[in-house]
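Colleague: This is the content of data_5.txt (compact mmCIF, C-alpha atoms and all ligand atoms):
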# COMPACT_ATOMS: atom_id res chain seq x y z
CA MET A 828 25.81 9.60 5.42
CA TYR A 829 22.60 7.73 4.95
CA PRO A 830 21.20 8.06 1.44
CA LYS A 831 17.75 9.55 0.88
CA LEU A 832 15.36 6.76 -0.05
CA PHE A 833 13.69 6.89 -3.46
CA ILE A 834 12.77 3.21 -3.10
CA PRO A 835 9.22 1.87 -2.72
CA GLY A 836 9.52 1.22 0.98
CA PRO A 837 10.80 1.99 3.44
CA THR A 838 10.63 5.55 2.22
CA HIS A 839 12.30 8.69 3.48
CA VAL A 840 11.20 9.51 7.04
CA ARG A 841 11.41 13.13 8.15
CA LYS A 842 13.42 13.97 11.27
CA GLU A 843 10.35 15.32 13.12
CA ILE A 844 8.62 12.01 12.56
CA LEU A 845 11.60 9.99 13.79
CA GLU A 846 11.67 12.21 16.85
CA ALA A 847 7.98 11.71 17.55
CA GLN A 848 8.91 8.13 18.46
CA THR A 849 11.08 9.23 21.33
CA VAL A 850 8.37 10.22 23.80
CA PRO A 851 8.65 8.15 26.99
CA MET A 852 7.24 4.63 26.83
CA ILE A 853 3.71 4.08 28.07
CA GLY A 854 1.87 0.93 29.09
CA HIS A 855 -0.56 -0.42 26.55
CA ARG A 856 -3.28 -0.85 29.18
CA ALA A 857 -2.70 2.63 30.58
CA PRO A 858 -5.05 5.55 29.84
CA GLU A 859 -2.26 7.33 27.94
CA TYR A 860 -2.28 4.57 25.35
CA SER A 861 -6.07 4.46 24.96
CA LYS A 862 -6.01 8.21 24.46
CA LEU A 863 -3.41 7.84 21.72
CA GLN A 864 -5.29 5.14 19.84
CA LEU A 865 -8.64 6.93 20.19
CA GLU A 866 -6.96 10.08 18.90
CA VAL A 867 -5.29 8.55 15.86
CA THR A 868 -8.16 6.30 14.70
CA PRO A 869 -10.55 9.09 13.58
CA LYS A 870 -7.69 10.67 11.63
CA LEU A 871 -7.21 7.41 9.77
CA GLN A 872 -10.96 7.21 9.16
CA GLN A 873 -10.75 10.67 7.65
CA LEU A 874 -7.86 9.60 5.42
CA LEU A 875 -9.90 6.65 4.14
CA TYR A 876 -13.24 8.47 4.01
CA THR A 877 -14.80 5.83 6.26
CA GLN A 878 -17.02 5.56 9.31
CA GLN A 879 -16.13 1.90 9.75
CA ARG A 880 -13.37 0.34 11.82
CA VAL A 881 -9.69 0.92 11.30
CA TYR A 882 -7.37 -1.49 13.11
CA LEU A 883 -3.70 -1.10 13.95
CA TYR A 884 -1.64 -4.26 13.66
CA ALA A 885 1.91 -4.59 14.96
CA SER A 886 2.99 -6.36 11.78
CA SER A 887 4.20 -5.64 8.30
CA SER A 888 1.58 -5.82 5.55
CA THR A 889 2.21 -9.44 4.67
CA GLY A 890 0.72 -10.50 8.01
CA VAL A 891 -2.50 -8.69 7.20
CA MET A 892 -2.54 -10.17 3.69
CA GLU A 893 -2.73 -13.52 5.45
CA GLY A 894 -5.21 -12.46 8.12
CA SER A 895 -7.59 -10.93 5.60
CA VAL A 896 -7.92 -14.02 3.41
CA ARG A 897 -8.18 -16.35 6.38
CA GLN A 898 -11.19 -14.39 7.59
CA ALA A 899 -12.92 -14.09 4.21
CA SER A 900 -13.50 -17.66 3.09
CA THR A 901 -16.31 -19.74 4.55
CA GLY A 902 -15.35 -22.59 2.24
CA LYS A 903 -16.07 -21.00 -1.11
CA PRO A 904 -13.06 -19.98 -3.18
CA ILE A 905 -11.34 -16.61 -3.19
CA LEU A 906 -10.48 -15.11 -6.57
CA PHE A 907 -6.97 -13.65 -6.55
CA THR A 908 -6.19 -11.10 -9.25
CA VAL A 909 -2.51 -11.24 -10.14
CA CYS A 910 -0.50 -8.61 -12.00
CA GLY A 911 2.96 -8.96 -10.45
CA ALA A 912 5.02 -10.30 -7.57
CA PHE A 913 3.04 -8.84 -4.67
CA SER A 914 -0.37 -9.92 -5.97
CA GLN A 915 1.13 -13.36 -6.70
CA ARG A 916 2.35 -13.51 -3.08
CA TRP A 917 -1.24 -13.01 -1.89
CA TYR A 918 -2.40 -15.94 -4.04
CA GLU A 919 0.34 -18.13 -2.55
CA ILE A 920 -0.70 -17.09 0.96
CA GLY A 921 -4.21 -18.30 0.11
CA LEU A 922 -2.88 -21.69 -1.01
CA GLN A 923 -0.57 -21.99 1.99
CA ASN A 924 -3.51 -21.45 4.33
CA GLY A 925 -5.57 -24.20 2.69
CA ILE A 926 -8.08 -21.71 1.32
CA PRO A 927 -9.67 -22.67 -2.01
CA SER A 928 -7.73 -20.19 -4.13
CA GLU A 929 -8.13 -19.38 -7.80
CA LYS A 930 -6.26 -16.79 -9.75
CA VAL A 931 -6.79 -14.67 -12.80
CA GLU A 932 -3.59 -13.20 -14.16
CA VAL A 933 -2.57 -10.48 -16.61
CA PRO A 934 0.87 -9.97 -18.23
CA LEU A 935 3.40 -7.86 -16.29
CA GLY A 936 2.82 -4.17 -16.94
CA GLN A 937 -0.92 -4.60 -17.33
CA GLY A 938 -3.59 -3.77 -14.77
CA ILE A 939 -6.72 -5.56 -13.64
CA THR A 940 -9.89 -4.31 -15.35
CA PRO A 941 -13.60 -4.50 -14.42
CA GLU A 942 -14.22 -6.60 -17.58
CA LEU A 943 -11.63 -9.17 -16.53
CA VAL A 944 -13.07 -9.36 -13.02
CA ASP A 945 -16.62 -9.65 -14.33
CA GLU A 946 -15.69 -12.52 -16.60
CA ALA A 947 -13.83 -14.36 -13.85
CA LEU A 948 -16.48 -13.88 -11.15
CA SER A 949 -19.27 -14.96 -13.51
CA LYS A 950 -17.71 -18.42 -13.75
CA GLY A 951 -17.94 -19.41 -10.10
CA ASP A 952 -19.36 -18.78 -6.66
CA TYR A 953 -16.76 -16.83 -4.70
CA ASP A 954 -16.49 -15.61 -1.15
CA ALA A 955 -14.08 -12.79 -1.96
CA ILE A 956 -11.81 -11.17 -4.50
CA THR A 957 -8.35 -9.73 -3.86
CA LEU A 958 -7.13 -6.58 -5.57
CA THR A 959 -3.60 -5.23 -5.37
CA MET A 960 -4.36 -1.60 -6.00
CA ASN A 961 -0.78 -0.57 -6.69
CA GLU A 962 1.45 -3.42 -7.87
CA THR A 963 4.81 -2.19 -6.60
CA ALA A 964 6.79 -4.70 -8.64
CA THR A 965 5.59 -3.34 -11.99
CA GLY A 966 4.47 0.22 -11.22
CA VAL A 967 0.87 -0.54 -12.14
CA MET A 968 -2.24 0.91 -10.55
CA SER A 969 -5.50 -0.93 -11.18
CA PRO A 970 -8.85 0.91 -11.19
CA VAL A 971 -10.15 -0.33 -7.84
CA LYS A 972 -13.03 2.16 -7.72
CA GLU A 973 -14.46 0.92 -11.03
CA ILE A 974 -13.85 -2.74 -10.20
CA ALA A 975 -15.50 -2.35 -6.80
CA ALA A 976 -18.54 -0.66 -8.39
CA LEU A 977 -18.94 -3.66 -10.69
CA VAL A 978 -18.54 -6.20 -7.88
CA ARG A 979 -20.93 -4.39 -5.54
CA GLN A 980 -23.56 -4.21 -8.29
CA LYS A 981 -23.34 -7.69 -9.81
CA TYR A 982 -21.79 -9.83 -7.04
CA PRO A 983 -23.05 -8.28 -3.80
CA ASP A 984 -21.88 -11.16 -1.58
CA VAL A 985 -18.29 -11.14 -2.78
CA LEU A 986 -16.01 -9.37 -0.31
CA ILE A 987 -13.52 -6.93 -1.81
CA LEU A 988 -10.08 -7.20 -0.21
CA VAL A 989 -7.63 -4.48 -1.22
CA ASP A 990 -3.87 -4.39 -0.77
CA ALA A 991 -3.22 -0.65 -0.83
CA VAL A 992 0.23 -1.04 0.71
CA SER A 993 2.13 1.20 -1.68
CA CYS A 994 -0.59 3.78 -2.34
CA MET A 995 -2.65 4.41 0.81
CA ALA A 996 -1.93 7.97 1.99
CA GLY A 997 -0.65 8.77 -1.51
CA VAL A 998 -3.88 8.47 -3.47
CA LYS A 999 -7.55 8.89 -2.67
CA ILE A 1000 -9.27 5.75 -1.41
CA GLU A 1001 -12.92 6.21 -0.49
CA PHE A 1002 -13.44 3.06 1.52
CA ASP A 1003 -17.16 3.49 2.24
CA ALA A 1004 -18.29 5.10 -1.03
CA TRP A 1005 -16.46 2.51 -3.12
CA GLY A 1006 -17.91 -0.34 -1.06
CA LEU A 1007 -14.61 -1.94 -0.04
CA ASP A 1008 -14.44 -4.59 2.69
CA VAL A 1009 -10.80 -4.73 3.72
CA CYS A 1010 -8.09 -2.23 2.80
CA PHE A 1011 -4.66 -2.19 4.40
CA ALA A 1012 -1.19 -0.67 4.17
CA GLY A 1013 2.05 -0.94 6.07
CA VAL A 1014 3.16 2.51 7.15
CA GLN A 1015 6.69 2.38 5.67
CA LYS A 1016 5.45 3.36 2.23
CA CYS A 1017 3.21 6.37 1.49
CA PHE A 1018 2.73 7.13 5.18
CA ALA A 1019 6.50 7.75 5.34
CA LEU A 1020 6.93 6.17 8.77
CA PRO A 1021 9.32 3.55 10.11
CA PRO A 1022 8.17 -0.04 9.36
CA GLY A 1023 6.41 -2.36 11.79
CA LEU A 1024 2.79 -1.21 11.74
CA THR A 1025 -0.11 -1.90 9.38
CA VAL A 1026 -3.28 0.15 9.15
CA CYS A 1027 -6.35 -1.85 8.10
CA ALA A 1028 -9.92 -0.69 7.46
CA VAL A 1029 -12.52 -3.43 7.77
CA SER A 1030 -16.20 -3.18 6.83
CA ASP A 1031 -19.00 -4.31 9.11
CA ARG A 1032 -19.88 -6.81 6.38
CA ALA A 1033 -16.39 -8.34 6.51
CA ARG A 1034 -16.53 -8.55 10.31
CA GLU A 1035 -19.84 -10.43 10.06
CA ARG A 1036 -18.40 -12.76 7.45
CA ALA A 1037 -15.42 -13.53 9.68
CA LYS A 1038 -17.79 -14.79 12.37
CA GLN A 1039 -18.88 -17.56 9.99
CA VAL A 1040 -15.31 -18.68 9.31
CA LYS A 1041 -14.36 -21.86 11.12
CA TYR A 1042 -10.65 -21.10 11.60
CA PRO A 1043 -10.20 -17.32 11.32
CA GLY A 1044 -6.81 -17.45 13.07
CA HIS A 1045 -6.06 -15.48 16.20
CA TYR A 1046 -3.53 -12.65 15.87
CA PHE A 1047 -5.27 -10.82 13.04
CA ALA A 1048 -8.83 -11.85 13.96
CA TYR A 1049 -11.26 -8.94 13.82
CA ALA A 1050 -13.20 -10.54 16.67
CA GLN A 1051 -10.09 -10.31 18.85
CA MET A 1052 -9.47 -6.70 17.83
CA ASP A 1053 -13.11 -5.86 18.56
CA LYS A 1054 -12.84 -6.99 22.16
CA ARG A 1055 -10.85 -3.87 23.00
CA TYR A 1056 -11.55 -1.58 20.03
CA ASP A 1057 -13.98 0.74 21.80
CA LYS A 1058 -11.58 1.10 24.69
CA GLY A 1059 -8.85 2.23 22.32
CA GLN A 1060 -6.69 -0.82 22.84
CA THR A 1061 -5.40 -3.82 20.92
CA PRO A 1062 -5.45 -7.40 22.25
CA ALA A 1063 -1.67 -7.87 21.92
CA THR A 1064 1.01 -5.29 22.59
CA PRO A 1065 0.84 -2.55 19.92
CA ALA A 1066 3.78 -0.85 18.17
CA ILE A 1067 3.48 2.11 20.54
CA SER A 1068 6.40 4.21 19.28
CA ILE A 1069 5.34 3.93 15.65
CA ILE A 1070 1.79 4.85 16.61
CA GLN A 1071 3.16 7.98 18.31
CA ALA A 1072 4.85 8.83 15.03
CA LEU A 1073 1.70 7.98 13.08
CA ASN A 1074 -0.34 10.34 15.25
CA LYS A 1075 2.06 13.18 14.47
CA GLN A 1076 2.24 12.23 10.80
CA MET A 1077 -1.56 12.17 10.48
CA ASP A 1078 -1.68 15.73 11.82
CA ASP A 1079 0.88 16.74 9.19
CA ILE A 1080 -0.98 14.88 6.43
CA LEU A 1081 -4.27 16.55 7.33
CA ALA A 1082 -2.52 19.92 7.60
CA GLU A 1083 -1.08 19.47 4.11
CA GLY A 1084 -4.64 18.73 2.99
CA LEU A 1085 -5.67 15.40 1.49
CA GLU A 1086 -6.37 16.79 -1.96
CA ASN A 1087 -2.99 18.56 -1.93
CA ARG A 1088 -1.30 15.36 -0.93
CA TRP A 1089 -2.89 13.37 -3.78
CA GLN A 1090 -1.95 16.14 -6.18
CA ARG A 1091 1.65 16.24 -5.01
CA HIS A 1092 1.97 12.52 -5.65
CA GLN A 1093 0.50 12.93 -9.12
CA GLU A 1094 2.85 15.80 -9.87
CA MET A 1095 5.94 13.87 -8.78
CA ALA A 1096 4.75 10.90 -10.86
CA SER A 1097 4.24 13.04 -13.96
CA ILE A 1098 7.75 14.44 -13.72
CA VAL A 1099 9.29 10.97 -13.47
CA GLN A 1100 7.06 9.62 -16.23
CA ASP A 1101 8.05 12.44 -18.60
CA TRP A 1102 11.71 11.82 -17.83
CA ALA A 1103 11.29 8.08 -18.42
CA ARG A 1104 9.53 8.62 -21.76
CA LYS A 1105 12.29 10.98 -22.87
CA TYR A 1106 15.31 8.88 -21.95
CA PHE A 1107 14.08 5.31 -21.46
CA ALA A 1108 10.58 3.78 -21.63
CA LEU A 1109 7.76 3.16 -19.21
CA PHE A 1110 7.30 -0.49 -18.29
CA ALA A 1111 3.63 -0.17 -17.36
CA ASP A 1112 0.85 0.28 -19.88
CA GLU A 1113 0.05 4.01 -20.07
CA ARG A 1114 -3.50 3.33 -18.85
CA PHE A 1115 -2.27 1.97 -15.54
CA LEU A 1116 0.66 4.20 -14.54
CA SER A 1117 1.16 4.33 -10.79
CA PRO A 1118 1.12 7.73 -9.05
CA THR A 1119 3.53 6.46 -6.37
CA VAL A 1120 6.20 4.36 -8.08
CA THR A 1121 7.46 4.31 -11.67
CA ASN A 1122 9.00 1.22 -13.21
CA ILE A 1123 11.34 2.20 -16.03
CA THR A 1124 12.49 -0.17 -18.77
CA ASN A 1125 16.27 -0.11 -19.09
CA THR A 1126 16.28 0.50 -22.84
CA ARG A 1127 19.83 1.91 -22.72
CA GLY A 1128 21.26 -1.17 -21.03
CA ILE A 1129 22.85 0.83 -18.22
CA SER A 1130 24.15 -0.91 -15.11
CA VAL A 1131 21.42 -0.16 -12.60
CA GLU A 1132 23.63 -1.28 -9.77
CA GLY A 1133 26.42 0.98 -11.03
CA LEU A 1134 24.02 3.90 -11.25
CA ASN A 1135 22.89 3.28 -7.71
CA GLN A 1136 26.48 3.19 -6.44
CA GLU A 1137 27.06 6.61 -7.98
CA LEU A 1138 23.77 7.93 -6.66
CA ARG A 1139 24.68 6.70 -3.20
CA LYS A 1140 27.82 8.89 -3.25
CA ARG A 1141 25.51 11.83 -3.91
CA GLY A 1142 23.11 10.88 -1.12
CA ALA A 1143 20.27 8.95 -2.77
CA ILE A 1144 19.23 5.46 -3.78
CA ILE A 1145 16.62 4.12 -6.18
CA SER A 1146 15.42 0.52 -6.67
CA ASN A 1147 16.49 -2.09 -9.12
CA GLY A 1148 13.80 -4.01 -11.04
CA TYR A 1149 11.90 -6.50 -8.92
CA GLY A 1150 12.71 -10.21 -9.22
CA ASP A 1151 13.18 -11.24 -12.85
CA LEU A 1152 13.09 -7.57 -13.86
CA LYS A 1153 16.39 -6.87 -12.10
CA GLU A 1154 18.70 -4.81 -14.36
CA LYS A 1155 15.99 -4.99 -17.06
CA CYS A 1156 14.13 -2.25 -15.20
CA PHE A 1157 14.64 0.18 -12.38
CA ARG A 1158 12.12 1.84 -10.13
CA ILE A 1159 11.87 5.33 -8.75
CA ALA A 1160 9.48 5.75 -5.85
CA HIS A 1161 7.82 9.14 -5.53
CA MET A 1162 5.79 8.61 -2.42
CA GLY A 1163 5.32 9.71 1.14
CA ASP A 1164 6.98 12.95 2.14
CA LEU A 1165 9.24 13.33 -0.89
CA THR A 1166 8.73 16.61 -2.70
CA VAL A 1167 8.72 17.80 -6.29
CA GLU A 1168 12.10 19.42 -5.51
CA ASP A 1169 13.50 16.09 -4.29
CA ILE A 1170 12.40 14.43 -7.51
CA ARG A 1171 13.86 17.16 -9.72
CA TRP A 1172 17.13 16.95 -7.80
CA LEU A 1173 17.24 13.15 -8.18
CA LEU A 1174 16.65 13.30 -11.92
CA GLU A 1175 19.37 15.94 -12.30
CA GLN A 1176 21.81 13.65 -10.53
CA MET A 1177 20.81 10.76 -12.76
CA ASN A 1178 21.20 12.86 -15.91
CA ASP A 1179 24.63 13.93 -14.74
CA ILE A 1180 25.80 10.41 -13.89
CA LEU A 1181 24.41 8.91 -17.11
CA GLY A 1182 25.47 11.83 -19.32
CA LEU A 1183 21.93 12.50 -20.48
CA GLN A 1184 20.89 15.89 -21.81
C1 LIG B 1201 5.60 -3.69 0.22
C2 LIG B 1201 4.39 -4.41 -0.26
C3 LIG B 1201 3.89 -5.54 0.40
C4 LIG B 1201 4.59 -6.22 1.53
O1 LIG B 1201 4.80 -5.41 2.59
P1 LIG B 1201 5.67 -5.87 3.87
O2 LIG B 1201 5.60 -4.65 4.68
O3 LIG B 1201 7.04 -6.18 3.36
O4 LIG B 1201 5.00 -7.03 4.46
C5 LIG B 1201 2.70 -6.07 -0.06
N1 LIG B 1201 2.04 -5.56 -1.09
C6 LIG B 1201 2.51 -4.49 -1.77
C7 LIG B 1201 1.75 -3.97 -2.93
C8 LIG B 1201 3.69 -3.89 -1.37
O5 LIG B 1201 4.16 -2.82 -2.03
Could you render the structure as structure tokens?
Ligand SMILES: *Cc1c(COP(=O)(O)O)cnc(C)c1O
Modeller:
Amino acid sequence: MYPKLFIPGPTHVRKEILEAQTVPMIGHRAPEYSKLQLEVTPKLQQLLYTQQRVYLYASSSTGVMEGSVRQASTGKPILFTVCGAFSQRWYEIGLQNGIPSEKVEVPLGQGITPELVDEALSKGDYDAITLTMNETATGVMSPVKEIAALVRQKYPDVLILVDAVSCMAGVKIEFDAWGLDVCFAGVQKCFALPPGLTVCAVSDRARERAKQVKYPGHYFAYAQMDKRYDKGQTPATPAISIIQALNKQMDDILAEGLENRWQRHQEMASIVQDWARKYFALFADERFLSPTVTNITNTRGISVEGLNQELRKRGAIISNGYGDLKEKCFRIAHMGDLTVEDIRWLLEQMNDILGLQ
């Protein structure tokens, strides 16, 4: 038996969604494909509360992390905010692409604040700032709405690039109202789909900026995507089967109701957080607790790997701590299509295995 995934990606995919991938293959220049893309795009715009463009990339999120910074810098530096392994990866991508990259970093478990961003941006002349909304490695959510409000008000020319990989479709992100410029997520996390596709909203302002970039790259270039956007096509071959599943999943997400979906994530998070406070400790600062993944400090010195082996026998797996936090922490993802019942069941199993009462 395959264990149910309580890990922060890929997450559990419902059978109906897996089956939605099995419709017969279609050509990506055929009308059937255009219809599909033109059908799914407005649903994604609804999810992100935006009237601006939403692209579909046949890539995992890391590709779009690269594409977004390549298209944001006209020669001025990008400020990377770092609060864990995934935000650090983005900074390294900047360096590896020869982009003038500067970082401002907080200790693990802390989030990025408007004050920190204000102080950092006031010291230089930046083209863009990166924000990792939900740092999956530490279970930290940073207040992107408040940070974006500050940036839009005091630094109007700084583009706001947001990695929402492990929270998009799990929490509310108002792309237009918050004034974001790029916001992306691979669909194997809160969308609860098979991996291989990244959804990316891009503002008109960011598309204009990209036109001034000397080497914007090719595969992720907004200008390339725009050539066929209105037709409902992508320049290269899209991940057609995953998009079929996405189309079905978006119907289900909208049928659940966006507010209900955000609330379900918050409810699952609260249950896990209460459990963690009772038996272990929360790794993240209470002010920044993630609604989609909880990082728990292993205060009891249990073998996380041993726990996972036992859980596997009962049909579930969780995640060990990320990188240096391995065995020092463990993570429970409560995202996507998991339910409050799933979470309660998981915690019961863990109590039973660990002898907790
Ligand atoms: C998972 C994750 C990524 C990387 O996603 P890939 O799909 O593996 O490329 C980037 N950022 C965050 C916050 C993530 O959780």
Colleague: Counting all atoms listed in the file, what are the residues, protein, DNA or RNA alike, that approach ligand LIG 1201 (chain B) to within 8 Å? I want them as a ChimeraX atom specification.
Modeller: /A:835-836,886-890,892,913-914,959-964,990-993,1012-1016,1022-1023,1025
Colleague: Would you list the residues near (9.4, 5.5, 4.0), meaning any protein, DNA or RNA residue with an atom at most 7 Å from that point in file coordinates, counting only C-alpha atoms, as a PyMOL selection string?
Modeller: chain A and resi 836-840+1015-1021+1163
Colleague: For the residues in the current selection, export C-alpha atoms as a PDB file, in the coordinates of the input.
Modeller:
ATOM      1  CA  GLY A 836       9.520   1.220   0.980  1.00  0.00           C
ATOM      2  CA  PRO A 837      10.800   1.990   3.440  1.00  0.00           C
ATOM      3  CA  THR A 838      10.630   5.550   2.220  1.00  0.00           C
ATOM      4  CA  HIS A 839      12.300   8.690   3.480  1.00  0.00           C
ATOM      5  CA  VAL A 840      11.200   9.510   7.040  1.00  0.00           C
ATOM      6  CA  GLN A1015       6.690   2.380   5.670  1.00  0.00           C
ATOM      7  CA  LYS A1016       5.450   3.360   2.230  1.00  0.00           C
ATOM      8  CA  CYS A1017       3.210   6.370   1.490  1.00  0.00           C
ATOM      9  CA  PHE A1018       2.730   7.130   5.180  1.00  0.00           C
ATOM     10  CA  ALA A1019       6.500   7.750   5.340  1.00  0.00           C
ATOM     11  CA  LEU A1020       6.930   6.170   8.770  1.00  0.00           C
ATOM     12  CA  PRO A1021       9.320   3.550  10.110  1.00  0.00           C
ATOM     13  CA  GLY A1163       5.320   9.710   1.140  1.00  0.00           C
TER      14      GLY A1163
END
Colleague: If we count all atoms listed in the file, what is near Ala1096 in chain A at a cut-off of 10 Å, once residues fewer than 4 positions away on the same chain are taken out, given as number ranges by chain?
Modeller: A: 1090-1092, 1100-1102, 1116-1121, 1159-1162, 1167, 1170
Colleague: One decimal, Å: what's the distance from CA of Ser1097 in chain A over to CA of Pro830 in chain A, could you say?
Modeller: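 Atom-to-atom, CA of Ser1097 in chain A to CA of Pro830 in chain A, that is 23.4 Å.
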Colleague: Need to verify the contact set: Lys999 in chain A, 10 Å, all atoms listed in the file, exclusion of same-chain residues closer than 5 positions in sequence. Can you return it as a list in words?
Modeller: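 With the cut-off at 10 Å, the set is Leu874, Leu875, Tyr876, Cys994, Leu1085, Glu1086, Arg1088, Trp1089 and Gln1090 of chain A.
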Colleague: Which polymer residues, whether protein, DNA or RNA, lie within 6 Å of the coordinate (-6.5, -9.1, -5.2) when you count all atoms listed in the file? List them as a PyMOL selection string, using the chain letters and numbers from the file.
Modeller: chain A and resi 907-908+956-959
Colleague: Pick out the residues sitting within 9 Å of Val931 in chain A, and hand them over as a ChimeraX atom specification; count all atoms listed in the file, and ignore anything fewer than 6 positions along from it in its own chain.
Modeller: /A:906-910,943-944,947
Colleague: What is the CA of Ala975 in chain A to CA of Trp1005 in chain A distance in Å?
Modeller: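 Between these atoms lies a distance of 6.2 Å.
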Colleague: Which residue is closest to Ile1123 in chain A? Choose from A:Gln1051, A:Asn1178, A:Thr965, A:Thr1061 and count all atoms listed in the file.
Modeller: A:Thr965
Colleague: What is the distance, in Å and to one decimal place, between CA of Tyr1049 in chain A and CA of Arg1034 in chain A?
Modeller: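 CA of Arg1034 in chain A lies at a distance of 6.3 Å from CA of Tyr1049 in chain A.
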Colleague: Counting only C-alpha atoms, figure out which residue out of A:Leu986, A:Phe1115, A:Met1095, A:Glu1175 gets nearest to Ala1143 in chain A.
Modeller: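 Under the stated criterion, the closest residue is A:Glu1175.
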Colleague: Given the choices A:Ser969, A:Gln1176, A:Asn924, A:Gln1093, which gets closest to Asp1112 in chain A if the distance is worked out from all atoms listed in the file?
Modeller: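 Counting all atoms listed in the file, the residue closest to Asp1112 in chain A is A:Ser969.
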Colleague: Would you mind completing range 1138-1155 of chain A to N, CA and C atoms and writing the output as a PDB file, in the frame of the given file?
Modeller:
ATOM      1  N   LEU A1138      24.796   7.131  -7.342  1.00  0.00           N
ATOM      2  CA  LEU A1138      23.770   7.930  -6.660  1.00  0.00           C
ATOM      3  C   LEU A1138      24.026   7.961  -5.155  1.00  0.00           C
ATOM      4  N   ARG A1139      24.413   6.818  -4.631  1.00  0.00           N
ATOM      5  CA  ARG A1139      24.680   6.700  -3.200  1.00  0.00           C
ATOM      6  C   ARG A1139      25.733   7.722  -2.755  1.00  0.00           C
ATOM      7  N   LYS A1140      26.761   7.911  -3.588  1.00  0.00           N
ATOM      8  CA  LYS A1140      27.820   8.890  -3.250  1.00  0.00           C
ATOM      9  C   LYS A1140      27.237  10.297  -3.161  1.00  0.00           C
ATOM     10  N   ARG A1141      26.142  10.506  -3.906  1.00  0.00           N
ATOM     11  CA  ARG A1141      25.510  11.830  -3.910  1.00  0.00           C
ATOM     12  C   ARG A1141      24.348  11.914  -2.927  1.00  0.00           C
ATOM     13  N   GLY A1142      24.113  10.811  -2.186  1.00  0.00           N
ATOM     14  CA  GLY A1142      23.110  10.880  -1.120  1.00  0.00           C
ATOM     15  C   GLY A1142      21.723  10.409  -1.473  1.00  0.00           C
ATOM     16  N   ALA A1143      21.600   9.468  -2.425  1.00  0.00           N
ATOM     17  CA  ALA A1143      20.270   8.950  -2.770  1.00  0.00           C
ATOM     18  C   ALA A1143      20.378   7.497  -3.219  1.00  0.00           C
ATOM     19  N   ILE A1144      19.304   6.748  -3.083  1.00  0.00           N
ATOM     20  CA  ILE A1144      19.230   5.460  -3.780  1.00  0.00           C
ATOM     21  C   ILE A1144      17.845   5.251  -4.385  1.00  0.00           C
ATOM     22  N   ILE A1145      17.858   4.534  -5.525  1.00  0.00           N
ATOM     23  CA  ILE A1145      16.620   4.120  -6.180  1.00  0.00           C
ATOM     24  C   ILE A1145      16.561   2.598  -6.100  1.00  0.00           C
ATOM     25  N   SER A1146      15.572   1.977  -6.739  1.00  0.00           N
ATOM     26  CA  SER A1146      15.420   0.520  -6.670  1.00  0.00           C
ATOM     27  C   SER A1146      15.721  -0.130  -8.003  1.00  0.00           C
ATOM     28  N   ASN A1147      16.327  -1.281  -7.919  1.00  0.00           N
ATOM     29  CA  ASN A1147      16.490  -2.090  -9.120  1.00  0.00           C
ATOM     30  C   ASN A1147      15.124  -2.669  -9.502  1.00  0.00           C
ATOM     31  N   GLY A1148      15.024  -3.306 -10.666  1.00  0.00           N
ATOM     32  CA  GLY A1148      13.800  -4.010 -11.040  1.00  0.00           C
ATOM     33  C   GLY A1148      13.535  -5.129 -10.048  1.00  0.00           C
ATOM     34  N   TYR A1149      12.258  -5.505  -9.924  1.00  0.00           N
ATOM     35  CA  TYR A1149      11.900  -6.500  -8.920  1.00  0.00           C
ATOM     36  C   TYR A1149      11.994  -7.905  -9.518  1.00  0.00           C
ATOM     37  N   GLY A1150      12.649  -8.808  -8.803  1.00  0.00           N
ATOM     38  CA  GLY A1150      12.710 -10.210  -9.220  1.00  0.00           C
ATOM     39  C   GLY A1150      13.368 -10.369 -10.585  1.00  0.00           C
ATOM     40  N   ASP A1151      12.641 -10.989 -11.512  1.00  0.00           N
ATOM     41  CA  ASP A1151      13.180 -11.240 -12.850  1.00  0.00           C
ATOM     42  C   ASP A1151      13.450  -9.949 -13.623  1.00  0.00           C
ATOM     43  N   LEU A1152      12.908  -8.846 -13.157  1.00  0.00           N
ATOM     44  CA  LEU A1152      13.090  -7.570 -13.860  1.00  0.00           C
ATOM     45  C   LEU A1152      14.365  -6.840 -13.434  1.00  0.00           C
ATOM     46  N   LYS A1153      15.144  -7.481 -12.550  1.00  0.00           N
ATOM     47  CA  LYS A1153      16.390  -6.870 -12.100  1.00  0.00           C
ATOM     48  C   LYS A1153      17.293  -6.545 -13.287  1.00  0.00           C
ATOM     49  N   GLU A1154      17.840  -5.350 -13.288  1.00  0.00           N
ATOM     50  CA  GLU A1154      18.700  -4.810 -14.360  1.00  0.00           C
ATOM     51  C   GLU A1154      17.934  -4.583 -15.676  1.00  0.00           C
ATOM     52  N   LYS A1155      16.799  -5.240 -15.851  1.00  0.00           N
ATOM     53  CA  LYS A1155      15.990  -4.990 -17.060  1.00  0.00           C
ATOM     54  C   LYS A1155      15.150  -3.733 -16.849  1.00  0.00           C
TER      55      LYS A1155
END
